[in-house]
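File shown here: model_38.pdb, holding PDB, C-alpha atoms.
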MODEL        1
ATOM      1  CA  MET A   1     -38.836 -28.064 103.495
ATOM      2  CA  SER A   2     -38.277 -25.319 100.930
ATOM      3  CA  ARG A   3     -40.683 -22.388 100.645
ATOM      4  CA  SER A   4     -41.933 -23.547  97.235
ATOM      5  CA  GLU A   5     -42.709 -27.004  98.661
ATOM      6  CA  ARG A   6     -44.528 -25.394 101.577
ATOM      7  CA  LEU A   7     -46.667 -23.276  99.254
ATOM      8  CA  LEU A   8     -47.603 -26.371  97.239
ATOM      9  CA  ASP A   9     -48.496 -28.229 100.432
ATOM     10  CA  LEU A  10     -50.627 -25.283 101.585
ATOM     11  CA  LEU A  11     -52.514 -25.355  98.290
ATOM     12  CA  GLN A  12     -53.106 -29.079  98.663
ATOM     13  CA  LEU A  13     -54.428 -28.554 102.202
ATOM     14  CA  LEU A  14     -56.811 -25.821 101.091
ATOM     15  CA  ARG A  15     -58.075 -27.986  98.221
ATOM     16  CA  ARG A  16     -59.072 -30.673 100.733
ATOM     17  CA  HIS A  17     -61.301 -28.266 102.693
ATOM     18  CA  ARG A  18     -64.615 -27.124 101.246
ATOM     19  CA  GLN A  19     -65.329 -24.935 104.286
ATOM     20  CA  PRO A  20     -63.096 -22.187 105.718
ATOM     21  CA  VAL A  21     -60.280 -23.546 107.867
ATOM     22  CA  SER A  22     -58.492 -21.472 110.477
ATOM     23  CA  GLY A  23     -55.002 -20.199 109.922
ATOM     24  CA  ARG A  24     -53.909 -21.809 113.182
ATOM     25  CA  ALA A  25     -55.096 -25.240 112.023
ATOM     26  CA  LEU A  26     -53.282 -24.828 108.702
ATOM     27  CA  ALA A  27     -50.112 -23.662 110.443
ATOM     28  CA  GLU A  28     -50.149 -26.650 112.802
ATOM     29  CA  GLU A  29     -50.619 -29.113 109.953
ATOM     30  CA  LEU A  30     -47.754 -27.552 107.989
ATOM     31  CA  GLY A  31     -45.527 -27.245 111.059
ATOM     32  CA  VAL A  32     -44.980 -23.491 110.690
ATOM     33  CA  SER A  33     -45.742 -20.422 112.765
ATOM     34  CA  LEU A  34     -49.003 -18.544 112.330
ATOM     35  CA  ARG A  35     -47.040 -15.546 111.078
ATOM     36  CA  THR A  36     -45.397 -17.676 108.378
ATOM     37  CA  LEU A  37     -48.797 -19.082 107.406
ATOM     38  CA  TYR A  38     -50.201 -15.577 106.919
ATOM     39  CA  ARG A  39     -47.224 -14.646 104.709
ATOM     40  CA  ASP A  40     -47.660 -17.808 102.647
ATOM     41  CA  VAL A  41     -51.366 -17.124 102.109
ATOM     42  CA  ALA A  42     -50.521 -13.608 100.969
ATOM     43  CA  SER A  43     -47.874 -14.982  98.579
ATOM     44  CA  LEU A  44     -50.354 -17.411  97.011
ATOM     45  CA  GLN A  45     -52.930 -14.647  96.661
ATOM     46  CA  ALA A  46     -50.314 -12.489  94.910
ATOM     47  CA  MET A  47     -49.683 -15.405  92.505
ATOM     48  CA  GLY A  48     -53.369 -15.450  91.569
ATOM     49  CA  ALA A  49     -54.789 -18.036  93.956
ATOM     50  CA  GLU A  50     -58.366 -17.102  94.865
ATOM     51  CA  ILE A  51     -58.111 -17.641  98.604
ATOM     52  CA  GLU A  52     -60.971 -16.036 100.473
ATOM     53  CA  GLY A  53     -60.955 -15.196 104.147
ATOM     54  CA  GLU A  54     -58.701 -13.445 106.599
ATOM     55  CA  ALA A  55     -56.912 -13.866 109.882
ATOM     56  CA  GLY A  56     -59.342 -14.906 112.602
ATOM     57  CA  LEU A  57     -62.046 -16.023 110.162
ATOM     58  CA  GLY A  58     -60.351 -18.822 108.268
ATOM     59  CA  TYR A  59     -59.451 -19.429 104.639
ATOM     60  CA  VAL A  60     -60.990 -21.281 101.723
ATOM     61  CA  LEU A  61     -59.690 -21.788  98.181
ATOM     62  CA  LYS A  62     -62.260 -21.082  95.464
ATOM     63  CA  PRO A  63     -62.680 -24.020  93.059
ATOM     64  CA  GLY A  64     -60.983 -23.866  89.703
ATOM     65  CA  PHE A  65     -57.603 -22.428  90.659
ATOM     66  CA  HIS A  66     -54.656 -24.147  89.019
ATOM     67  CA  LEU A  67     -50.970 -23.401  88.987
ATOM     68  CA  PRO A  68     -49.655 -22.105  85.650
ATOM     69  CA  PRO A  69     -49.326 -25.058  83.219
ATOM     70  CA  LEU A  70     -45.925 -26.681  82.948
ATOM     71  CA  MET A  71     -44.811 -27.022  79.348
ATOM     72  CA  PHE A  72     -42.655 -29.947  78.283
ATOM     73  CA  ARG A  73     -41.897 -31.585  74.991
ATOM     74  CA  PRO A  74     -43.386 -35.107  74.747
ATOM     75  CA  ASP A  75     -39.938 -36.709  74.948
ATOM     76  CA  GLU A  76     -39.104 -34.645  78.054
ATOM     77  CA  LEU A  77     -42.299 -35.830  79.715
ATOM     78  CA  GLN A  78     -41.577 -39.441  78.868
ATOM     79  CA  ALA A  79     -38.055 -39.101  80.267
ATOM     80  CA  LEU A  80     -39.407 -37.635  83.512
ATOM     81  CA  ALA A  81     -42.048 -40.339  83.829
ATOM     82  CA  LEU A  82     -39.615 -43.159  83.094
ATOM     83  CA  GLY A  83     -37.061 -41.814  85.566
ATOM     84  CA  ALA A  84     -39.647 -41.344  88.315
ATOM     85  CA  ARG A  85     -41.016 -44.851  87.804
ATOM     86  CA  TRP A  86     -37.505 -46.320  87.863
ATOM     87  CA  VAL A  87     -36.862 -44.656  91.228
ATOM     88  CA  ALA A  88     -40.271 -45.708  92.553
ATOM     89  CA  ASP A  89     -39.551 -49.314  91.607
ATOM     90  CA  ARG A  90     -35.931 -49.546  92.735
ATOM     91  CA  ALA A  91     -35.220 -47.044  95.521
ATOM     92  CA  ASP A  92     -35.962 -47.167  99.253
ATOM     93  CA  ALA A  93     -39.508 -46.563 100.488
ATOM     94  CA  ALA A  94     -39.080 -42.842 101.228
ATOM     95  CA  LEU A  95     -37.456 -42.066  97.883
ATOM     96  CA  SER A  96     -39.996 -44.248  96.069
ATOM     97  CA  GLU A  97     -42.866 -42.315  97.619
ATOM     98  CA  ALA A  98     -41.180 -39.012  96.767
ATOM     99  CA  ALA A  99     -40.816 -40.036  93.102
ATOM    100  CA  LEU A 100     -44.512 -40.937  92.805
ATOM    101  CA  SER A 101     -45.508 -37.739  94.613
ATOM    102  CA  ALA A 102     -43.376 -35.625  92.262
ATOM    103  CA  LEU A 103     -44.881 -37.336  89.221
ATOM    104  CA  SER A 104     -48.374 -36.736  90.594
ATOM    105  CA  ARG A 105     -47.643 -33.036  91.156
ATOM    106  CA  ILE A 106     -46.316 -32.642  87.642
ATOM    107  CA  SER A 107     -49.361 -34.415  86.225
ATOM    108  CA  ALA A 108     -51.723 -32.183  88.235
ATOM    109  CA  VAL A 109     -50.505 -28.964  86.606
ATOM    110  CA  LEU A 110     -50.058 -30.151  83.017
ATOM    111  CA  PRO A 111     -52.363 -28.983  80.218
ATOM    112  CA  PRO A 112     -54.879 -31.717  79.278
ATOM    113  CA  ASP A 113     -53.085 -32.833  76.108
ATOM    114  CA  LEU A 114     -49.732 -33.250  77.851
ATOM    115  CA  LYS A 115     -51.366 -34.961  80.823
ATOM    116  CA  ALA A 116     -52.862 -37.483  78.407
ATOM    117  CA  ASP A 117     -49.394 -38.076  76.903
ATOM    118  CA  LEU A 118     -47.966 -38.649  80.385
ATOM    119  CA  ASP A 119     -50.728 -41.076  81.394
ATOM    120  CA  ALA A 120     -50.394 -43.007  78.128
ATOM    121  CA  SER A 121     -46.600 -43.246  78.133
ATOM    122  CA  ALA A 122     -45.481 -46.278  76.126
ATOM    123  CA  LEU A 123     -42.086 -46.510  77.859
ATOM    124  CA  LEU A 124     -42.278 -49.445  80.250
ATOM    125  CA  LEU A 125     -39.870 -50.742  82.878
ATOM    126  CA  GLY A 126     -38.776 -54.343  82.806
ATOM    127  CA  PRO A 127     -38.761 -56.413  85.999
ATOM    128  CA  ALA A 128     -36.218 -55.139  88.495
ATOM    129  CA  LYS A 129     -33.485 -57.470  89.619
ATOM    130  CA  GLY A 130     -33.985 -58.173  93.266
ATOM    131  CA  PHE A 131     -32.002 -55.816  95.458
ATOM    132  CA  VAL A 132     -29.976 -57.426  98.189
ATOM    133  CA  SER A 133     -31.824 -56.307 101.310
ATOM    134  CA  ASP A 134     -30.237 -53.565 103.388
ATOM    135  CA  SER A 135     -29.843 -53.704 107.158
ATOM    136  CA  VAL A 136     -30.000 -49.922 107.445
ATOM    137  CA  ASP A 137     -32.509 -47.383 106.189
ATOM    138  CA  THR A 138     -30.926 -45.632 103.211
ATOM    139  CA  ALA A 139     -33.051 -42.589 104.066
ATOM    140  CA  LEU A 140     -30.655 -42.095 107.016
ATOM    141  CA  LEU A 141     -27.687 -42.202 104.633
ATOM    142  CA  ARG A 142     -29.310 -39.609 102.391
ATOM    143  CA  GLN A 143     -30.021 -37.454 105.434
ATOM    144  CA  ALA A 144     -26.327 -37.535 106.350
ATOM    145  CA  ILE A 145     -25.356 -36.514 102.811
ATOM    146  CA  ARG A 146     -27.851 -33.642 102.693
ATOM    147  CA  GLY A 147     -26.756 -32.360 106.091
ATOM    148  CA  GLY A 148     -23.022 -32.842 105.550
ATOM    149  CA  ARG A 149     -22.864 -34.994 108.706
ATOM    150  CA  LYS A 150     -20.455 -37.769 109.592
ATOM    151  CA  LEU A 151     -21.602 -41.377 109.830
ATOM    152  CA  ARG A 152     -20.300 -44.154 112.051
ATOM    153  CA  LEU A 153     -20.631 -47.494 110.257
ATOM    154  CA  SER A 154     -20.346 -51.080 111.332
ATOM    155  CA  TYR A 155     -19.334 -52.792 108.117
ATOM    156  CA  ARG A 156     -18.567 -56.267 106.781
ATOM    157  CA  ASP A 157     -16.573 -56.565 103.576
ATOM    158  CA  ALA A 158     -16.771 -59.240 100.858
ATOM    159  CA  SER A 159     -14.770 -61.690 103.019
ATOM    160  CA  ASP A 160     -17.096 -61.014 105.998
ATOM    161  CA  ALA A 161     -14.377 -59.189 107.932
ATOM    162  CA  ALA A 162     -15.936 -56.674 110.352
ATOM    163  CA  SER A 163     -14.731 -53.102 110.865
ATOM    164  CA  GLU A 164     -15.863 -49.840 112.413
ATOM    165  CA  ARG A 165     -15.619 -46.746 110.215
ATOM    166  CA  VAL A 166     -16.320 -43.036 110.512
ATOM    167  CA  ILE A 167     -16.914 -41.585 107.078
ATOM    168  CA  TRP A 168     -17.811 -38.301 105.421
ATOM    169  CA  PRO A 169     -20.609 -39.422 103.065
ATOM    170  CA  PHE A 170     -21.189 -37.513  99.847
ATOM    171  CA  ALA A 171     -23.144 -39.704  97.397
ATOM    172  CA  LEU A 172     -25.292 -42.792  96.901
ATOM    173  CA  ALA A 173     -24.847 -44.765  93.656
ATOM    174  CA  PHE A 174     -27.720 -46.928  92.430
ATOM    175  CA  PHE A 175     -27.055 -50.075  90.392
ATOM    176  CA  GLU A 176     -29.488 -52.780  89.313
ATOM    177  CA  GLY A 177     -28.719 -55.114  92.195
ATOM    178  CA  VAL A 178     -26.949 -53.016  94.833
ATOM    179  CA  ARG A 179     -26.453 -49.524  96.155
ATOM    180  CA  LEU A 180     -23.101 -47.978  97.046
ATOM    181  CA  LEU A 181     -22.460 -45.329  99.680
ATOM    182  CA  LEU A 182     -19.497 -43.138  98.710
ATOM    183  CA  GLY A 183     -17.502 -41.384 101.395
ATOM    184  CA  TRP A 184     -14.142 -40.311 102.741
ATOM    185  CA  CYS A 185     -13.051 -42.927 105.284
ATOM    186  CA  GLU A 186     -11.184 -41.598 108.317
ATOM    187  CA  LEU A 187      -9.714 -45.059 109.017
ATOM    188  CA  ARG A 188      -8.225 -45.471 105.528
ATOM    189  CA  GLU A 189      -7.682 -41.737 104.954
ATOM    190  CA  SER A 190      -9.033 -42.063 101.422
ATOM    191  CA  PHE A 191     -12.227 -42.368  99.441
ATOM    192  CA  ARG A 192     -14.071 -45.642  99.896
ATOM    193  CA  ASN A 193     -17.250 -47.272  98.560
ATOM    194  CA  PHE A 194     -19.534 -49.210 100.901
ATOM    195  CA  ARG A 195     -22.213 -51.602  99.693
ATOM    196  CA  THR A 196     -25.331 -50.697 101.643
ATOM    197  CA  ASP A 197     -26.305 -54.351 102.088
ATOM    198  CA  ARG A 198     -23.012 -54.902 103.962
ATOM    199  CA  ILE A 199     -23.562 -52.015 106.378
ATOM    200  CA  VAL A 200     -24.564 -53.702 109.643
ATOM    201  CA  SER A 201     -25.498 -50.446 111.374
ATOM    202  CA  ALA A 202     -25.167 -46.707 110.786
ATOM    203  CA  GLU A 203     -25.183 -43.884 113.326
ATOM    204  CA  LEU A 204     -25.695 -40.264 112.300
ATOM    205  CA  LEU A 205     -23.146 -38.195 114.229
ATOM    206  CA  ALA A 206     -23.638 -34.606 115.346
ATOM    207  CA  GLU A 207     -20.223 -33.649 113.963
ATOM    208  CA  ARG A 208     -20.195 -32.236 110.459
ATOM    209  CA  SER A 209     -17.763 -33.376 107.796
ATOM    210  CA  PRO A 210     -14.795 -31.010 107.353
ATOM    211  CA  LYS A 211     -15.713 -30.703 103.662
ATOM    212  CA  ARG A 212     -19.168 -30.267 102.161
ATOM    213  CA  PRO A 213     -20.547 -33.173 100.077
ATOM    214  CA  PRO A 214     -20.337 -31.274  96.734
ATOM    215  CA  VAL A 215     -16.645 -30.570  97.400
ATOM    216  CA  LEU A 216     -15.996 -34.210  98.274
ATOM    217  CA  LEU A 217     -17.860 -35.367  95.174
ATOM    218  CA  LYS A 218     -15.755 -33.089  92.988
ATOM    219  CA  GLU A 219     -12.514 -34.295  94.597
ATOM    220  CA  TRP A 220     -13.624 -37.922  94.217
ATOM    221  CA  ARG A 221     -14.353 -37.418  90.520
ATOM    222  CA  ILE A 222     -10.903 -35.896  90.027
ATOM    223  CA  ALA A 223      -9.245 -38.720  91.974
ATOM    224  CA  GLU A 224     -11.089 -41.327  89.907
ATOM    225  CA  GLY A 225     -10.640 -39.503  86.609
ATOM    226  CA  ILE A 226     -14.398 -39.187  86.132
ATOM    227  CA  LYS A 227     -15.838 -36.270  84.196
ATOM    228  CA  ALA A 228     -18.675 -34.319  85.822
ATOM    229  CA  ASP A 229     -21.216 -35.492  83.240
ATOM    230  CA  CYS A 230     -20.252 -39.172  83.459
ATOM    231  CA  LYS A 231     -22.149 -41.854  85.326
ATOM    232  CA  VAL A 232     -20.707 -43.666  88.315
ATOM    233  CA  GLY A 233     -19.615 -47.135  87.278
TER     234      GLY A 233
ENDMDL
END
Give the structure from the file, written as structure tokens.
Amino acid sequence: MSRSERLLDLLQLLRRHRQPVSGRALAEELGVSLRTLYRDVASLQAMGAEIEGEAGLGYVLKPGFHLPPLMFRPDELQALALGARWVADRADAALSEAALSALSRISAVLPPDLKADLDASALLLGPAKGFVSDSVDTALLRQAIRGGRKLRLSYRDASDAASERVIWPFALAFFEGVRLLLGWCELRESFRNFRTDRIVSAELLAERSPKRPPVLLKEWRIAEGIKADCKVG
């Protein structure tokens, strides 16, 4: 979790408590040390948050504190809302929840007029084509990409032929009906795409990929003749 995310989570925790809550209890809920919690409280106070209390006595957030308003043009807001709702409707459970959470956080710090525009967005999503169900949790695949870790896959291709692969994953591509995992395949010694619904099992290995995912993505784009601002397709 980044520091900015942790500060937002700390604010949300304090908002839920009307009475002072101990620093130790806050630290345990956030999964950080007490020393880190004290630094985070001080950072929020420096940003203008009216947090009363001190170490040993507990902390409480005075009502009425809001983060500085986020300013967007109406079309930017609609684009953000539409994108978040697309992900919420078509991605895996973890990513879907993250999209709705992000949209909620944005809405919480918007000025009233922009919040009303967001809530009343007239851009609607049509029914999603049914995704072919995956046998593996795509959250694990995203974890491998973020951490630059190798994956061991049991895979069945279009003709139902089975194979075992170790790949260096670097991207997930979302289409209306399927998702593709992109990676460097050690067996084929080249870039390969794997439909996630054909992955029988996936094991996150301790070994890191020799190249970081951004480097692999760049090399893949060059190999495929894809410009950096182009969509995968």
Subject >> Given the PyMOL selection byres ((chain A and resi 120-126) around 10), the residues it picks as a PyMOL selection string >> reply: chain A and resi 74-75+77-79+81-83+85-86+89+114-119+127-129
Would you write out those residues with C-alpha atoms, as a PDB file, in the frame of the given file?
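The file below, out37.pdb, is the result:
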ATOM      1  CA  PRO A  74     -43.386 -35.107  74.747  1.00  0.00           C
ATOM      2  CA  ASP A  75     -39.938 -36.709  74.948  1.00  0.00           C
ATOM      3  CA  LEU A  77     -42.299 -35.830  79.715  1.00  0.00           C
ATOM      4  CA  GLN A  78     -41.577 -39.441  78.868  1.00  0.00           C
ATOM      5  CA  ALA A  79     -38.055 -39.101  80.267  1.00  0.00           C
ATOM      6  CA  ALA A  81     -42.048 -40.339  83.829  1.00  0.00           C
ATOM      7  CA  LEU A  82     -39.615 -43.159  83.094  1.00  0.00           C
ATOM      8  CA  GLY A  83     -37.061 -41.814  85.566  1.00  0.00           C
ATOM      9  CA  ARG A  85     -41.016 -44.851  87.804  1.00  0.00           C
ATOM     10  CA  TRP A  86     -37.505 -46.320  87.863  1.00  0.00           C
ATOM     11  CA  ASP A  89     -39.551 -49.314  91.607  1.00  0.00           C
ATOM     12  CA  LEU A 114     -49.732 -33.250  77.851  1.00  0.00           C
ATOM     13  CA  LYS A 115     -51.366 -34.961  80.823  1.00  0.00           C
ATOM     14  CA  ALA A 116     -52.862 -37.483  78.407  1.00  0.00           C
ATOM     15  CA  ASP A 117     -49.394 -38.076  76.903  1.00  0.00           C
ATOM     16  CA  LEU A 118     -47.966 -38.649  80.385  1.00  0.00           C
ATOM     17  CA  ASP A 119     -50.728 -41.076  81.394  1.00  0.00           C
ATOM     18  CA  PRO A 127     -38.761 -56.413  85.999  1.00  0.00           C
ATOM     19  CA  ALA A 128     -36.218 -55.139  88.495  1.00  0.00           C
ATOM     20  CA  LYS A 129     -33.485 -57.470  89.619  1.00  0.00           C
TER      21      LYS A 129
END
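Computed from the coordinates, the atom CA of A:Ala206 to atom CA of A:Glu97 distance equals 27.3 Å.
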Original post:
Quick one: which residues end up in the PyMOL selection byres ((chain A and resi 22-39) around 7) for this structure, as JSON, numbers by chain?
Top reply: {"A": [20, 21, 40, 41, 42, 43, 55, 56, 57, 58, 59]}
**OP:** Name the residues that the PyMOL selection byres ((chain A and resi 179) around 10) pulls out of this structure, and write them as a PyMOL selection string.
**Re:** chain A and resi 91+131-132+134+138+172-178+180-182+193-197
Those same residues, written as a compact mmCIF listing (two decimals), in the frame of the given file with C-alpha atoms?
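New file part07.txt:
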# COMPACT_ATOMS: atom_id res chain seq x y z
CA ALA A 91 -35.22 -47.04 95.52
CA PHE A 131 -32.00 -55.82 95.46
CA VAL A 132 -29.98 -57.43 98.19
CA ASP A 134 -30.24 -53.56 103.39
CA THR A 138 -30.93 -45.63 103.21
CA LEU A 172 -25.29 -42.79 96.90
CA ALA A 173 -24.85 -44.76 93.66
CA PHE A 174 -27.72 -46.93 92.43
CA PHE A 175 -27.06 -50.08 90.39
CA GLU A 176 -29.49 -52.78 89.31
CA GLY A 177 -28.72 -55.11 92.20
CA VAL A 178 -26.95 -53.02 94.83
CA LEU A 180 -23.10 -47.98 97.05
CA LEU A 181 -22.46 -45.33 99.68
CA LEU A 182 -19.50 -43.14 98.71
CA ASN A 193 -17.25 -47.27 98.56
CA PHE A 194 -19.53 -49.21 100.90
CA ARG A 195 -22.21 -51.60 99.69
CA THR A 196 -25.33 -50.70 101.64
CA ASP A 197 -26.30 -54.35 102.09
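Taking atom CA of A:Gly183 and atom CA of A:Glu203 as endpoints, the distance between them is 14.4 Å.
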**OP:** Mind giving me the straight-line distance from atom CA of A:Glu50 to atom CA of A:Gln19 in Å, one decimal?
**Re:** 14.1 Å
Original post:
Counting only C-alpha atoms, which residues come within 12 Å of (-63.8, -24.7, 95.2), with the point read in the file's coordinates, and could you list them as a PyMOL selection string?
Top reply: chain A and resi 11+14-20+49-52+59-66
Quick test: take stretch 79-103 of chain A, keep N, CA, C and O atoms, and write it as a compact mmCIF listing (two decimals), in the first residue's frame.
# COMPACT_ATOMS: atom_id res chain seq x y z
N ALA A 79 -15.79 10.51 -18.27
CA ALA A 79 -14.86 9.49 -18.74
C ALA A 79 -14.39 8.60 -17.58
O ALA A 79 -14.31 7.36 -17.71
N LEU A 80 -14.08 9.23 -16.44
CA LEU A 80 -13.64 8.46 -15.28
C LEU A 80 -14.76 7.53 -14.79
O LEU A 80 -14.52 6.36 -14.49
N ALA A 81 -15.97 8.07 -14.72
CA ALA A 81 -17.09 7.26 -14.24
C ALA A 81 -17.38 6.10 -15.18
O ALA A 81 -17.59 4.97 -14.74
N LEU A 82 -17.38 6.37 -16.48
CA LEU A 82 -17.66 5.32 -17.45
C LEU A 82 -16.59 4.23 -17.40
O LEU A 82 -16.89 3.03 -17.42
N GLY A 83 -15.32 4.65 -17.32
CA GLY A 83 -14.24 3.67 -17.25
C GLY A 83 -14.32 2.82 -15.99
O GLY A 83 -14.15 1.59 -16.04
N ALA A 84 -14.59 3.46 -14.84
CA ALA A 84 -14.67 2.72 -13.59
C ALA A 84 -15.83 1.73 -13.62
O ALA A 84 -15.72 0.60 -13.14
N ARG A 85 -16.96 2.14 -14.19
CA ARG A 85 -18.11 1.25 -14.25
C ARG A 85 -17.89 0.09 -15.23
O ARG A 85 -18.37 -1.01 -15.01
N TRP A 86 -17.14 0.37 -16.30
CA TRP A 86 -16.79 -0.72 -17.23
C TRP A 86 -15.96 -1.78 -16.51
O TRP A 86 -16.23 -2.98 -16.62
N VAL A 87 -14.95 -1.32 -15.76
CA VAL A 87 -14.10 -2.26 -15.02
C VAL A 87 -14.92 -3.01 -13.98
O VAL A 87 -14.80 -4.23 -13.82
N ALA A 88 -15.78 -2.29 -13.25
CA ALA A 88 -16.59 -2.92 -12.22
C ALA A 88 -17.50 -4.00 -12.79
O ALA A 88 -17.78 -5.01 -12.14
N ASP A 89 -17.94 -3.81 -14.02
CA ASP A 89 -18.88 -4.73 -14.65
C ASP A 89 -18.19 -5.90 -15.34
O ASP A 89 -18.79 -6.96 -15.52
N ARG A 90 -16.91 -5.73 -15.72
CA ARG A 90 -16.29 -6.71 -16.59
C ARG A 90 -14.98 -7.32 -16.07
O ARG A 90 -14.46 -8.24 -16.69
N ALA A 91 -14.45 -6.81 -14.98
CA ALA A 91 -13.18 -7.33 -14.47
C ALA A 91 -13.43 -8.37 -13.37
O ALA A 91 -14.58 -8.66 -13.04
N ASP A 92 -12.34 -8.92 -12.82
CA ASP A 92 -12.48 -9.88 -11.73
C ASP A 92 -12.97 -9.17 -10.48
O ASP A 92 -13.01 -7.94 -10.40
N ALA A 93 -13.33 -9.94 -9.46
CA ALA A 93 -13.97 -9.39 -8.27
C ALA A 93 -13.11 -8.34 -7.57
O ALA A 93 -13.60 -7.29 -7.16
N ALA A 94 -11.80 -8.62 -7.44
CA ALA A 94 -10.92 -7.68 -6.73
C ALA A 94 -10.80 -6.37 -7.49
O ALA A 94 -10.85 -5.28 -6.90
N LEU A 95 -10.62 -6.45 -8.81
CA LEU A 95 -10.47 -5.24 -9.61
C LEU A 95 -11.80 -4.49 -9.69
O LEU A 95 -11.83 -3.25 -9.70
N SER A 96 -12.91 -5.23 -9.73
CA SER A 96 -14.23 -4.60 -9.74
C SER A 96 -14.46 -3.80 -8.47
O SER A 96 -14.91 -2.64 -8.51
N GLU A 97 -14.12 -4.38 -7.33
CA GLU A 97 -14.27 -3.68 -6.06
C GLU A 97 -13.37 -2.45 -6.00
O GLU A 97 -13.77 -1.40 -5.49
N ALA A 98 -12.16 -2.58 -6.52
CA ALA A 98 -11.22 -1.45 -6.52
C ALA A 98 -11.75 -0.29 -7.37
O ALA A 98 -11.61 0.88 -7.01
N ALA A 99 -12.38 -0.61 -8.51
CA ALA A 99 -12.92 0.44 -9.38
C ALA A 99 -14.04 1.20 -8.68
O ALA A 99 -14.10 2.43 -8.72
N LEU A 100 -14.95 0.47 -8.02
CA LEU A 100 -16.05 1.12 -7.30
C LEU A 100 -15.54 1.93 -6.12
O LEU A 100 -16.05 3.01 -5.83
N SER A 101 -14.51 1.41 -5.44
CA SER A 101 -13.92 2.13 -4.31
C SER A 101 -13.28 3.43 -4.78
O SER A 101 -13.42 4.48 -4.14
N ALA A 102 -12.55 3.36 -5.90
CA ALA A 102 -11.90 4.56 -6.44
C ALA A 102 -12.94 5.61 -6.83
O ALA A 102 -12.78 6.80 -6.55
N LEU A 103 -14.02 5.17 -7.47
CA LEU A 103 -15.08 6.09 -7.87
C LEU A 103 -15.73 6.73 -6.64
O LEU A 103 -16.05 7.93 -6.64
